[in-house]
Structure formats: structure tokens, C-alpha cells
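Inspection log for the structure reproduced underneath, given as C-alpha cells.
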Amino acid sequence: MQIFSRLSERHAHMIRWLLLLGWLALISSLLLSPWFDIDPIPERLATCAPIGRCTLHDNDGNRIFWGVVVPLGILTIFGLSHELWRRVCPLAFVSQLFRALGWQRTTELEGSRVNVMRVRAESWLGRHHVQLQWTLFIAGLTLRLFVVNSNPFGLGLFLLLTVIAAVIVGWAFGGKAWCQYFCPMGPVQTILTGPRSLLGTPSHLGGTPKISQSMCRATSAQGGEKSTCVACQTPCLDIDSERSYWQTLRGKRGLTFAWYSYPGLVLAFFLLLQAQGGADLGYLRSGRWAYDSSVLSRLWEPLTPSASAPHRAESAPKKQAPIIAPSPPIPTPVRSERPALSSGVVSLPPRPVFYEPPRYTRPWRPSQAANSEPRDHAEADVIQDDIDPVKEVPEINSEQLSPKEPYYVGGSRKPGS
Amino acid sequence: MPALSALPRLISIPLLLVSGGLVSFLILAGLERLQLSLLREAGHQNALELSRQRTRIIATFLAVNLFFWFADPSLGMLGGLLGRVIRSSILMISAIWVARLWHRSSRAYRREATSASLQKQLIPFLPQLADALDGRDLNELSSDEIFILAKSLPAQARHGNLTIYRNVLQDLFRKGRLDRAASFRQLDELRKVLDLREEEHHAAIRELAVLDPVLLHLDARQHQSRDVRESAASEAIADLLHSMADTEPSLAALLPRHRQQLEKIRRQSGLDEDGWSSVLSGFLPDGGLLIPLVERELHLLEQALADRLTVLEASARQPLLRPLLVSLDLQMVSLLVALLPQMLSCRDKHLGRRFEQMLCWIPVTVRTALHYRCGLQLPSVEPSDQPPPFLIPQLVDVLAGFWQDPDPETAAWAQWMLRRYSPVRAAAVARQPRPGLPPSHLFAALSPDQTAPEGALERQLRQLIDQEVDEPRTPATLLSCLPLHPSQPALPGLEARPFLALPEC
């Protein structure tokens, strides 16, 4: 079955351009998000995370990138074949910019001739690249949990820097050095492919075309395809994934660690993401984590809510609200028994207390939400850390908490309602 | 863990993330060890490889399913139904993937790759194989069927089988699918199918080395790099020549702008000077490439003839040198197999005369072996009374020259002899590496820790040399007739030699 390796180079080139333009549009929208609010569905701000202490921005870029693009990429590599993704990856494409311009870094050979610089197998990078890539991968996951998952500007900057890094590496080394030696997704692709994907093309059998799998190629003057492979890495996943697999089964530094640690990293990542939203699967699956712009401001707080603010964990609504069609978290007063104060002489009866849910201090306004997003981290327009958890029971007016109307924590209502 | 989660997120998140990875690594590494011990108990030969391969696919299975358990690329469309469908599909796909790879091994991969090369070599024999194919196309056959088909080749001349074997070797080497040190072991099945012996494997290697001297010095990875770079550069040059619509498409007629493009191709190709010259030579007119090649081969033939004269003279006093004469004859046969077709195409008169001068020095044994090997017959020339037109080397130089022979037993035998004539030179030679060449059994037999003394071994070998046999014996053939010591350790890259009783040889 040669579905993906037979995809013509013209079509692959077109797909690459489309993906690159989409990628650049996404980066632009993310970077410009503090100034331009382009989101058409502001209702998404209607509810907050179950821990009750967050601001939600209204830029869908984070959700689209981490929630759709990345899983679809993994689905493509594993469910279809690495051959397809590695031929259309926009980062691999931009890394070839200087090659196309003919301005790559060169090294002098004997006889005053120059060659494009390559990563030599015996160099430090050639020997340790998997360890480097895996370190970058773990650093990337950490960065995601810190800021890049939910902060549009942070993600935009992250993607822009990645593009710049790919271009620089493409200038510094020949071939697909970015994909082979630097890209943190490189080892992930190796792990997901194994010897061969389910729909992958075998390269070692009779009748295999000379330009196999996702081998580098270009359209020739006659309209056919010609190889542009410079053997930047041998064995190469793009030429014959199975040969690469068997040849690196032993002796490839860092690969076994990367392979065996990957399931644990995936699990730990999602559990930590979930923990950021109060250990709630709904926070994860509904994608609220991608809008939670107060993640950065909670970096100095402990991970478990009970360790910092037990009242918040308790006040979190049990029923999770979907993000598209919000149902308001109704603050349910939780009655608790306060131990009786005893002076040894006089004993007072226990008083009923309420844990108050966190409040938005500012009524929500669609245009301001996006424009004031950077300020959200700095100023406490959301957080009321200084709320005394123990309060006298106020009189609760049931009319103020009408379940028919969207309720905004802090007592405000949607403008116009 | 609770203590960690009480730390600020800035610290606890990276620590917990890395801990997750570490725990996963430890669990899966333990699983690999467990599988290894179970597979070894079950008597699997490749338990080491299989345990790692299976643990890796288990790890991938877990990672993919964990990922899609949490992630939903459909963003909860259709009330989450699409997400559940994706999750279930991934589970099914990954289960099929694991089932398909569970028994996969590198051996199966190599076998398939060898069968693909063998398939190409069988194409010229398609008319003779029509009955066996029974209307099926060669491309439809599985790797098992290809091997069976090769076995069913109608009584081909022996040289046909050796040519097929040599071409398969060449194809696998060129693509970097085969390491020279392991080639003997890895192509064992193919040799059995084609009914070839160990000596013929070495002869095939020797022939390939004549055609491409770099072959001996590159490993599989270097071959692969060279192959893809040369291939890409050739295609780029062909493309450039094709784009020269206004001028004659030849390298000599390149315009300045085309030369710049050619230089850009060279710079980006990653080829060294030799590799680039080799690619360019493919675009030169025929004679330009052939003449240097023929010159080099004639020089090698002269050298082999001179070496033979030296060894022949010395073997009158030392019979143990006689097997090396047979090795030299085989070297000459390998050279002539490559040289004769080129001499027919090469119209250079000077080279023709040089070859004619050598003809009278080529011994009968070489002529016979050449006829047997590829059906070629050299013109008969009267032996010359004149002194040879080449310099006769010293015996120690000849013996030292055997060190890089592809046949490890020949190299070891020559080294054994060299120790007698010049121990200092022998020690110096033994320090030189033999890249990609397998170790020798003779060395193991002669090593100081062996219980059998050298004198006993020598007596047995002298007896064998003195026996009258139809076929001349190389060092390897002689050693195969010896019952080697049972305690001899198996050497890496070589299988244990079967014990043969002397009378059977």
C-alpha cells in the first residue's frame, strides 16, 4: 500500500503552503489577541473553572492548537502514517527556507571548495540529539502547563520562536536537520511509528519506488520527482522507518529512555493539567484549560487546592458546566460546624458558617475581556484572596440567584439580561 | 507525592512531570527484563531483541491510548459521541498494530530485503522460470516464495548462481542493508538456496572489491549515505542537463550559469571529492570512465602475478605456502571476471598490449578456474622464457599483503607464515585493523590459550596438503577438514564450524 509516499510533490507542496499560512494566521491571531478581539462567541466567558478561581479569556487559538491541531497530528502519524505528516509539516517546510535561497552555512573542504555544513554522526549533536530533543520535549510540556496552554500571547510567542528556531537550524545545517536533530516531536514520531505505521509503506520490498516513504524530494524539470536527500541522518525514518527501527533498537543514546518514559509523561501531563482545574475531568475535556488565563498567576500556589484554599475546593460546584452552553455555577452555601469556643469557663454554642465562593469583582464585558487580558494577570479583578472564609451568615435573597439567568460569580449579571 | 503537590506549582509541576516519566521508564524497563527472562526460558534465540521490541510496542500502545483518553480532537461534537468514536477507533487501530508487530523481528525484515534483491536478479531468468511461476507475476510472490523460486532455477551453470549471489550482495551493500562483517552469516540461507560454499562468498566479495575498492572500507551506514547522496546528485545533474534546452546537454557544454547551478548541487549534496567525481564520471562519455578503471585492474593483475611467482618459488622449500598459491589464483580469477568484459569494450591499444604481455604469465589453474567460474576462456599463449615484465616482490611483503584478503582464513594463514619469516613484521601487520572483515578460526586455533599445540596442527595440515585431490585447496578448505577443538569459543560473526573427519575431505 503506497498511499502517502505516492502523494505527488506538487500536491504535497500545496498542502504545505496551506498549512503554513494557517499556522502563520494562528500565530498572528494569538499575538494580536491583546489588541484585537476576533472571537465571535463571547458567551464562552459565561462560566469559570470548578476551582472557582480563574479568569477565562475568549481567544480560541489555544484550544484549536492544543485541542485540535496537535491531537490530529498525532492521529495522522499513528492512525495513518508518519509519511504523510513528515511531508507536509509546516515547520519542516520553513526550515528549508535558506536551502531554497541557497544561503546555508558552509564548511571549507580541502582545495578551497565549500560544502553545506552537516551534522556529523560522530559529533556531540549527532550522538546526543535524542537526549536533547527529549529534554526540549519535557521542557515544552512544562511550559505548556505553566503558560503556553492557556495564554494566547504566550502560545503565539512560543510558536513564533519555534518557527524562528527551525529557520535558523535550516540555515546552520543541511538536510532536514531541524526534524532529525532538534524538533522535540522527532522522537515522538519515532515512538508512534515503531517499525511501521498501520498504513505505512514498506521500503525494503520488491517494487518499492526509489524515492520511498517521506524521503526528501522535489519536482524535476520533466515534471517527475527527483530525490533531494543529502543523508543528513542514517538510518533515516523518512527513507525506511523499519530499517531505522531495527538499527536503533540498541545503541541509540536516549531513545529507550524516551520510549519508555513517554506513556508516563503523557499520563502525568494530563493529570497535572486536570489538577490545575481542581482534579476535574470536565475541566480537561471541555477545554476550559485553554481559556484559563489565571494559570500563570497561580504558579506560586500549591497544586492541590486543599493545600492553599480548602474553602475553594469545597465550594467548587459538583456538576460541571459545559463551556459552549454555559450553565451557571450556583454557589451553594456549605454549612459547617465550627467547634465551640471554650474559654474553660464559658462555652459558646457552635455557629453556622459559610464558605463563600470566589468572586469576579468586575462585571463581564465582551470587548473589555480581551483588551484587558494582560492586566488580568496583574491585577486582582478576579481573585479575592483576602476573603475571610469564616463569615457570618448573610441573608440570602433567593431572587438574586435565579437559575434561569446566567449567574456571574460575584453577583453580576450579563449586561442586558 | 502529597508533599510535592504542596510545593509551589513552579517547582512541583516539572518535578511531578519528570517523576511520571521516570516511573514509566522503570516499570517498562522491568517489563522488558521480565519478558527477556521468560523468552530465554522458552528458548527463543533472539530473546534480547524480541523483549525490547515488544516492550516498545506496549509503550506506544499505552501512550497513544492514554493520550486519546484525555484529548478529544472533536471538541465534544455530537455531545461527545465523536470523541468516544475516536477513542474506540484508536483502541482498535492500536490493538491491530500491536498484533501485527508482536512477532516481527529484524531477521524477518532482513530476509524480506534479501528476497527483494534476489527478485531483481531473477528477472533475466524469467523465461526459464515460467513453469514454476504458473502465470503469476514476480512482484506478487512473498519472500518465502522468492527463495523457493531461486532454488527451482533449472540446472544453471554454477557461475550463474555465483553471479546472482554477487549481485544480491552488491545491491545489499550499496543500499547499506548489509554489513560486511555480518554478510557471511546473514546470507547463509541464500547460499544454501543457491548451493554455494564459503569460498564462493569470499570470491564474490573479492570481485566486488575489484569493481569498487571503497566497498571494503565502508560500513552499512556509510554505504547508505553514499548511495542516497550519489543518487540525489545524479538526479539533480540529469535534471540540470535536461533543462539546457538551448545547448547540447553535456557537462562539457555548460554555460556559466549552469556551472553555478552545478556547484550549488555539489555544495548541497554532502558528497566528498571522490563521491562527486564518481557521480560526474557517470555523465562523461564511456571511454573517459573506463580507461582509469582498466588501468587500475591491470595494475592489480600484474601485482597478483608477481606475488604468485614469489610464493611459487618459496613454496618449493615451504609446502605450507601452497594453499596461498590457490588464494592468489582466486584473486586473479576475481580480477579477470571484472577485467575481461572491460577489455573487450576498451579500445585503448596501449592497455591491450599490456594485457597481452601478461597473458603468458597467467597460470593454467587460473584459466581453468575462470572457465569454470564464468565460462570465459583466455586466448592460449605459449609460456614465455623471458623474465617477467614486472618487479618481483619480497616474500614477506607478499605475505603482509594478504592481511586485507576478504577470506579470514587466508589472512590468518599468511600471518601464520609471516610470523616464521619475520615476527616483527607480523606483529606490525597484526596491529592493523581489518575493518568489516570477520575473524578467523585459525587464529583461535593458534592462540596461546588453546590446548592443542601448534606443532600438532601443523602436522595435520601438512598431511592434508600432501594429499592428492582434484580441487585445489585454499586455507579455508584445509581448515574445514580439521576437527577443531570442542572448547573453541564461538567467535562473533562466525558460526561454529562443523566437525569433519579427515577421511571425508
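Letters A, B, ... mark the chains of the C-alpha cells in the order given; residue numbers begin at 1 per chain; ligand numbers begin at 1, in order shown.
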- Message: When DSSP is applied to the backbone of this structure, which of range 54-257 of chain A are assigned helix (DSSP H, G or I)? Write them out as number ranges by chain.
- Response: A: 61-80, 82-88, 90-94, 97-101, 124-148, 152-172, 177-182, 185-193, 241-247, 255-257
inquiry  = Which residues are close to Ser225 in chain B, i.e. within 9 Å by only C-alpha atoms, leaving aside same-chain residues fewer than 5 positions away? Reply as number ranges by chain.
reply    = A: 230-235; B: 175-176, 220, 230
How would the residues just picked look written out with N, CA, C and O atoms as a PDB file, in the first residue's frame?
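New file result32.pdb:
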```pdb
ATOM      1  N   VAL A 230      20.167  14.331   1.236  1.00  0.00           N
ATOM      2  CA  VAL A 230      21.606  14.524   1.421  1.00  0.00           C
ATOM      3  C   VAL A 230      22.127  13.643   2.552  1.00  0.00           C
ATOM      4  O   VAL A 230      23.234  13.846   3.040  1.00  0.00           O
ATOM      5  N   ALA A 231      21.298  12.672   2.957  1.00  0.00           N
ATOM      6  CA  ALA A 231      21.680  11.742   4.035  1.00  0.00           C
ATOM      7  C   ALA A 231      22.088  12.501   5.290  1.00  0.00           C
ATOM      8  O   ALA A 231      23.168  12.279   5.820  1.00  0.00           O
ATOM      9  N   CYS A 232      21.227  13.396   5.731  1.00  0.00           N
ATOM     10  CA  CYS A 232      21.559  14.171   6.938  1.00  0.00           C
ATOM     11  C   CYS A 232      21.541  13.276   8.175  1.00  0.00           C
ATOM     12  O   CYS A 232      22.125  13.624   9.195  1.00  0.00           O
ATOM     13  N   GLN A 233      20.864  12.148   8.081  1.00  0.00           N
ATOM     14  CA  GLN A 233      20.907  11.173   9.172  1.00  0.00           C
ATOM     15  C   GLN A 233      20.754   9.760   8.597  1.00  0.00           C
ATOM     16  O   GLN A 233      19.893   9.530   7.758  1.00  0.00           O
ATOM     17  N   THR A 234      21.592   8.866   9.071  1.00  0.00           N
ATOM     18  CA  THR A 234      21.435   7.454   8.689  1.00  0.00           C
ATOM     19  C   THR A 234      21.484   6.608   9.959  1.00  0.00           C
ATOM     20  O   THR A 234      22.352   6.830  10.795  1.00  0.00           O
ATOM     21  N   PRO A 235      20.571   5.664  10.077  1.00  0.00           N
ATOM     22  CA  PRO A 235      19.416   5.388   9.222  1.00  0.00           C
ATOM     23  C   PRO A 235      18.374   6.481   9.389  1.00  0.00           C
ATOM     24  O   PRO A 235      18.352   7.168  10.402  1.00  0.00           O
TER      25      PRO A 235
ATOM     26  N   LYS B 175      22.999  -0.389  -0.854  1.00  0.00           N
ATOM     27  CA  LYS B 175      21.901   0.273  -0.147  1.00  0.00           C
ATOM     28  C   LYS B 175      22.134   0.331   1.361  1.00  0.00           C
ATOM     29  O   LYS B 175      21.293   0.845   2.093  1.00  0.00           O
ATOM     30  N   GLY B 176      23.237  -0.235   1.796  1.00  0.00           N
ATOM     31  CA  GLY B 176      23.542  -0.201   3.234  1.00  0.00           C
ATOM     32  C   GLY B 176      22.673  -1.131   4.040  1.00  0.00           C
ATOM     33  O   GLY B 176      22.480  -0.930   5.232  1.00  0.00           O
ATOM     34  N   ALA B 220      27.752  -0.228   6.866  1.00  0.00           N
ATOM     35  CA  ALA B 220      26.420  -0.176   6.256  1.00  0.00           C
ATOM     36  C   ALA B 220      25.873   1.252   6.220  1.00  0.00           C
ATOM     37  O   ALA B 220      25.284   1.677   5.225  1.00  0.00           O
ATOM     38  N   GLU B 230      24.694  10.100  -3.729  1.00  0.00           N
ATOM     39  CA  GLU B 230      25.081   9.984  -5.143  1.00  0.00           C
ATOM     40  C   GLU B 230      23.840   9.932  -6.027  1.00  0.00           C
ATOM     41  O   GLU B 230      23.808  10.536  -7.092  1.00  0.00           O
TER      42      GLU B 230
END
```
Excluding Leu161 in chain A and its own-chain neighbours fewer than 5 positions away, which residues fall within 12 Å of it when counting only C-alpha atoms? Please give them as a PyMOL selection string. chain A and resi 27+31+91+154-156+166-168
Within 7 Å of chain B, which residues of chain A show up? Give each one with its shortest atom-to-atom distance in Å (one decimal) and the two atoms involved, counting only C-alpha atoms, rows by chain then rising residue number, as a Markdown table.
```
| residue | atom | partner | partner_atom | distance |
| --- | --- | --- | --- | --- |
| A:Gly67 | CA | B:Pro73 | CA | 5.6 |
| A:Val68 | CA | B:Pro73 | CA | 4.5 |
| A:Pro71 | CA | B:Pro73 | CA | 5.7 |
| A:Leu72 | CA | B:Pro73 | CA | 6.4 |
| A:Gly79 | CA | B:Ile93 | CA | 6.9 |
| A:Val114 | CA | B:Arg267 | CA | 6.4 |
| A:Asn115 | CA | B:Arg267 | CA | 4.3 |
| A:Val116 | CA | B:Gln268 | CA | 5.5 |
| A:Thr142 | CA | B:Pro14 | CA | 5.8 |
| A:Ile191 | CA | B:Thr60 | CA | 6.2 |
| A:Leu192 | CA | B:Thr60 | CA | 6.0 |
| A:Gly194 | CA | B:Ile57 | CA | 6.9 |
| A:Leu198 | CA | B:Trp97 | CA | 6.0 |
| A:His204 | CA | B:Ala113 | CA | 5.1 |
| A:Leu205 | CA | B:Ala116 | CA | 5.2 |
| A:Gly206 | CA | B:Ala116 | CA | 4.5 |
| A:Gly207 | CA | B:Asn139 | CA | 6.7 |
| A:Ser220 | CA | B:Asp239 | CA | 6.2 |
| A:Ala221 | CA | B:Asp239 | CA | 5.8 |
| A:Lys226 | CA | B:Glu235 | CA | 6.0 |
| A:Ser227 | CA | B:Ala232 | CA | 4.9 |
| A:Thr228 | CA | B:Ala232 | CA | 5.3 |
| A:Cys229 | CA | B:Ala232 | CA | 6.0 |
| A:Val230 | CA | B:Arg229 | CA | 5.1 |
| A:Ala231 | CA | B:Ser225 | CA | 5.1 |
| A:Thr234 | CA | B:Arg221 | CA | 6.0 |
| A:Pro235 | CA | B:Arg221 | CA | 6.7 |
| A:Trp246 | CA | B:Ser106 | CA | 6.0 |
| A:Phe257 | CA | B:Phe25 | CA | 6.3 |
| A:Trp259 | CA | B:Arg56 | CA | 6.7 |
| A:Tyr260 | CA | B:Phe25 | CA | 4.5 |
| A:Ser261 | CA | B:Gly21 | CA | 4.2 |
| A:Tyr262 | CA | B:Gly21 | CA | 6.4 |
| A:Pro263 | CA | B:Ala63 | CA | 4.1 |
| A:Gly264 | CA | B:Gly21 | CA | 4.5 |
| A:Leu265 | CA | B:Gly21 | CA | 4.7 |
| A:Val266 | CA | B:Phe67 | CA | 6.2 |
| A:Leu267 | CA | B:Leu66 | CA | 6.4 |
| A:Ala268 | CA | B:Gly20 | CA | 5.3 |
| A:Phe269 | CA | B:Leu17 | CA | 6.2 |
| A:Phe270 | CA | B:Phe70 | CA | 6.8 |
| A:Arg285 | CA | B:Phe70 | CA | 6.7 |
| A:Leu299 | CA | B:Arg9 | CA | 5.0 |
| A:Trp300 | CA | B:Pro8 | CA | 4.6 |
| A:Glu301 | CA | B:Pro8 | CA | 4.8 |
| A:Pro302 | CA | B:Pro8 | CA | 4.4 |
| A:Leu303 | CA | B:Ser5 | CA | 5.1 |
| A:Thr304 | CA | B:Ser5 | CA | 6.0 |
| A:Ala307 | CA | B:Ala6 | CA | 5.9 |
```
Residues flagged strand (DSSP E or B) by DSSP in range 154-334 of chain A, as a PyMOL selection string: chain A and resi 217-219+225-227+292+302
Written file, previous selection with N, CA, C and O atoms, as a tab-separated table (two decimals), in the first residue's frame:
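So out-v4.tsv came out as:
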```tsv
chain	number	residue	atom	x	y	z
A	217	ARG	N	12.27	15.22	-1.49
A	217	ARG	CA	12.17	15.18	-2.95
A	217	ARG	C	11.77	16.55	-3.48
A	217	ARG	O	11.35	17.42	-2.72
A	218	ALA	N	11.88	16.68	-4.79
A	218	ALA	CA	11.45	17.93	-5.44
A	218	ALA	C	10.90	17.56	-6.81
A	218	ALA	O	11.12	16.45	-7.30
A	219	THR	N	10.20	18.50	-7.40
A	219	THR	CA	9.68	18.25	-8.74
A	219	THR	C	10.79	18.52	-9.75
A	219	THR	O	11.44	19.56	-9.69
A	225	GLU	N	9.54	13.39	-10.24
A	225	GLU	CA	10.11	13.70	-8.93
A	225	GLU	C	11.57	13.28	-8.87
A	225	GLU	O	11.93	12.26	-9.45
A	226	LYS	N	12.36	14.06	-8.18
A	226	LYS	CA	13.77	13.70	-8.01
A	226	LYS	C	14.11	13.77	-6.53
A	226	LYS	O	13.54	14.59	-5.79
A	227	SER	N	15.02	12.92	-6.14
A	227	SER	CA	15.43	12.90	-4.73
A	227	SER	C	16.29	14.11	-4.42
A	227	SER	O	17.12	14.52	-5.24
A	292	ASP	N	-8.20	29.43	30.50
A	292	ASP	CA	-7.96	29.80	31.89
A	292	ASP	C	-6.71	30.68	31.97
A	292	ASP	O	-5.59	30.19	32.12
A	302	PRO	N	0.37	26.19	45.69
A	302	PRO	CA	0.48	24.73	45.62
A	302	PRO	C	-0.51	24.17	44.61
A	302	PRO	O	-1.51	24.82	44.28
```
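Residues lying within 9 Å of Leu255 in chain A, counting only C-alpha atoms and ignoring same-chain neighbours fewer than 5 positions away, are Val130, Gln131, Trp134, Pro187, Ile191, Thr248, Leu249, Arg250 and Tyr260 of chain A.
The coordinates place CA of Ala99 in chain B at 22.4 Å from CA of Glu41 in chain B.
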Write out as an NGL selection string each polymer residue whose atoms come within 12 Å of Gln213 in chain A, counting only C-alpha atoms; drop sequence neighbours fewer than 3 positions from it.
:A and (1-8 or 81-87 or 196-197 or 199-204 or 208-210 or 216-217 or 227 or 236-242)
Could the residues in this selection be written to a file with C-alpha atoms, as a PDB file, in the first residue's frame?
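Once written, out-v5.pdb looks like this:
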```
ATOM      1  CA  MET A   1       0.000   0.000   0.000  1.00  0.00           C
ATOM      2  CA  GLN A   2       1.665   3.187  -1.145  1.00  0.00           C
ATOM      3  CA  ILE A   3      -0.897   5.827  -0.395  1.00  0.00           C
ATOM      4  CA  PHE A   4       1.144   8.571   1.155  1.00  0.00           C
ATOM      5  CA  SER A   5       4.549   8.115  -0.438  1.00  0.00           C
ATOM      6  CA  ARG A   6       2.795   8.370  -3.819  1.00  0.00           C
ATOM      7  CA  LEU A   7       1.227  11.720  -2.967  1.00  0.00           C
ATOM      8  CA  SER A   8       2.649  13.911  -5.716  1.00  0.00           C
ATOM      9  CA  SER A  81       1.401   7.132   8.616  1.00  0.00           C
ATOM     10  CA  HIS A  82       4.384   9.262   9.525  1.00  0.00           C
ATOM     11  CA  GLU A  83       4.985   9.547   5.783  1.00  0.00           C
ATOM     12  CA  LEU A  84       2.138  11.980   5.361  1.00  0.00           C
ATOM     13  CA  TRP A  85       2.923  14.252   8.291  1.00  0.00           C
ATOM     14  CA  ARG A  86       6.641  14.420   7.628  1.00  0.00           C
ATOM     15  CA  ARG A  87       5.993  15.525   4.077  1.00  0.00           C
ATOM     16  CA  ARG A 196       5.955   0.818  10.561  1.00  0.00           C
ATOM     17  CA  SER A 197       2.588   2.548  10.861  1.00  0.00           C
ATOM     18  CA  LEU A 199      -0.882   2.275   6.639  1.00  0.00           C
ATOM     19  CA  GLY A 200       2.844   2.887   6.172  1.00  0.00           C
ATOM     20  CA  THR A 201       4.649   1.865   3.007  1.00  0.00           C
ATOM     21  CA  PRO A 202       7.360  -0.777   3.258  1.00  0.00           C
ATOM     22  CA  SER A 203      10.607   0.454   1.748  1.00  0.00           C
ATOM     23  CA  HIS A 204      12.527  -2.786   1.608  1.00  0.00           C
ATOM     24  CA  THR A 208       9.338  -0.084  -3.922  1.00  0.00           C
ATOM     25  CA  PRO A 209       9.961   3.206  -5.727  1.00  0.00           C
ATOM     26  CA  LYS A 210      13.421   4.705  -5.389  1.00  0.00           C
ATOM     27  CA  CYS A 216      13.089  14.480   0.646  1.00  0.00           C
ATOM     28  CA  ARG A 217      12.170  15.181  -2.951  1.00  0.00           C
ATOM     29  CA  SER A 227      15.426  12.896  -4.727  1.00  0.00           C
ATOM     30  CA  CYS A 236      16.568   7.731   8.389  1.00  0.00           C
ATOM     31  CA  LEU A 237      12.933   7.497   9.410  1.00  0.00           C
ATOM     32  CA  ASP A 238      11.962   9.185   6.141  1.00  0.00           C
ATOM     33  CA  ILE A 239      13.653   6.627   3.909  1.00  0.00           C
ATOM     34  CA  ASP A 240      12.887   3.357   5.662  1.00  0.00           C
ATOM     35  CA  SER A 241      11.267   3.543   9.078  1.00  0.00           C
ATOM     36  CA  GLU A 242      11.680  -0.155   9.711  1.00  0.00           C
TER      37      GLU A 242
END
```
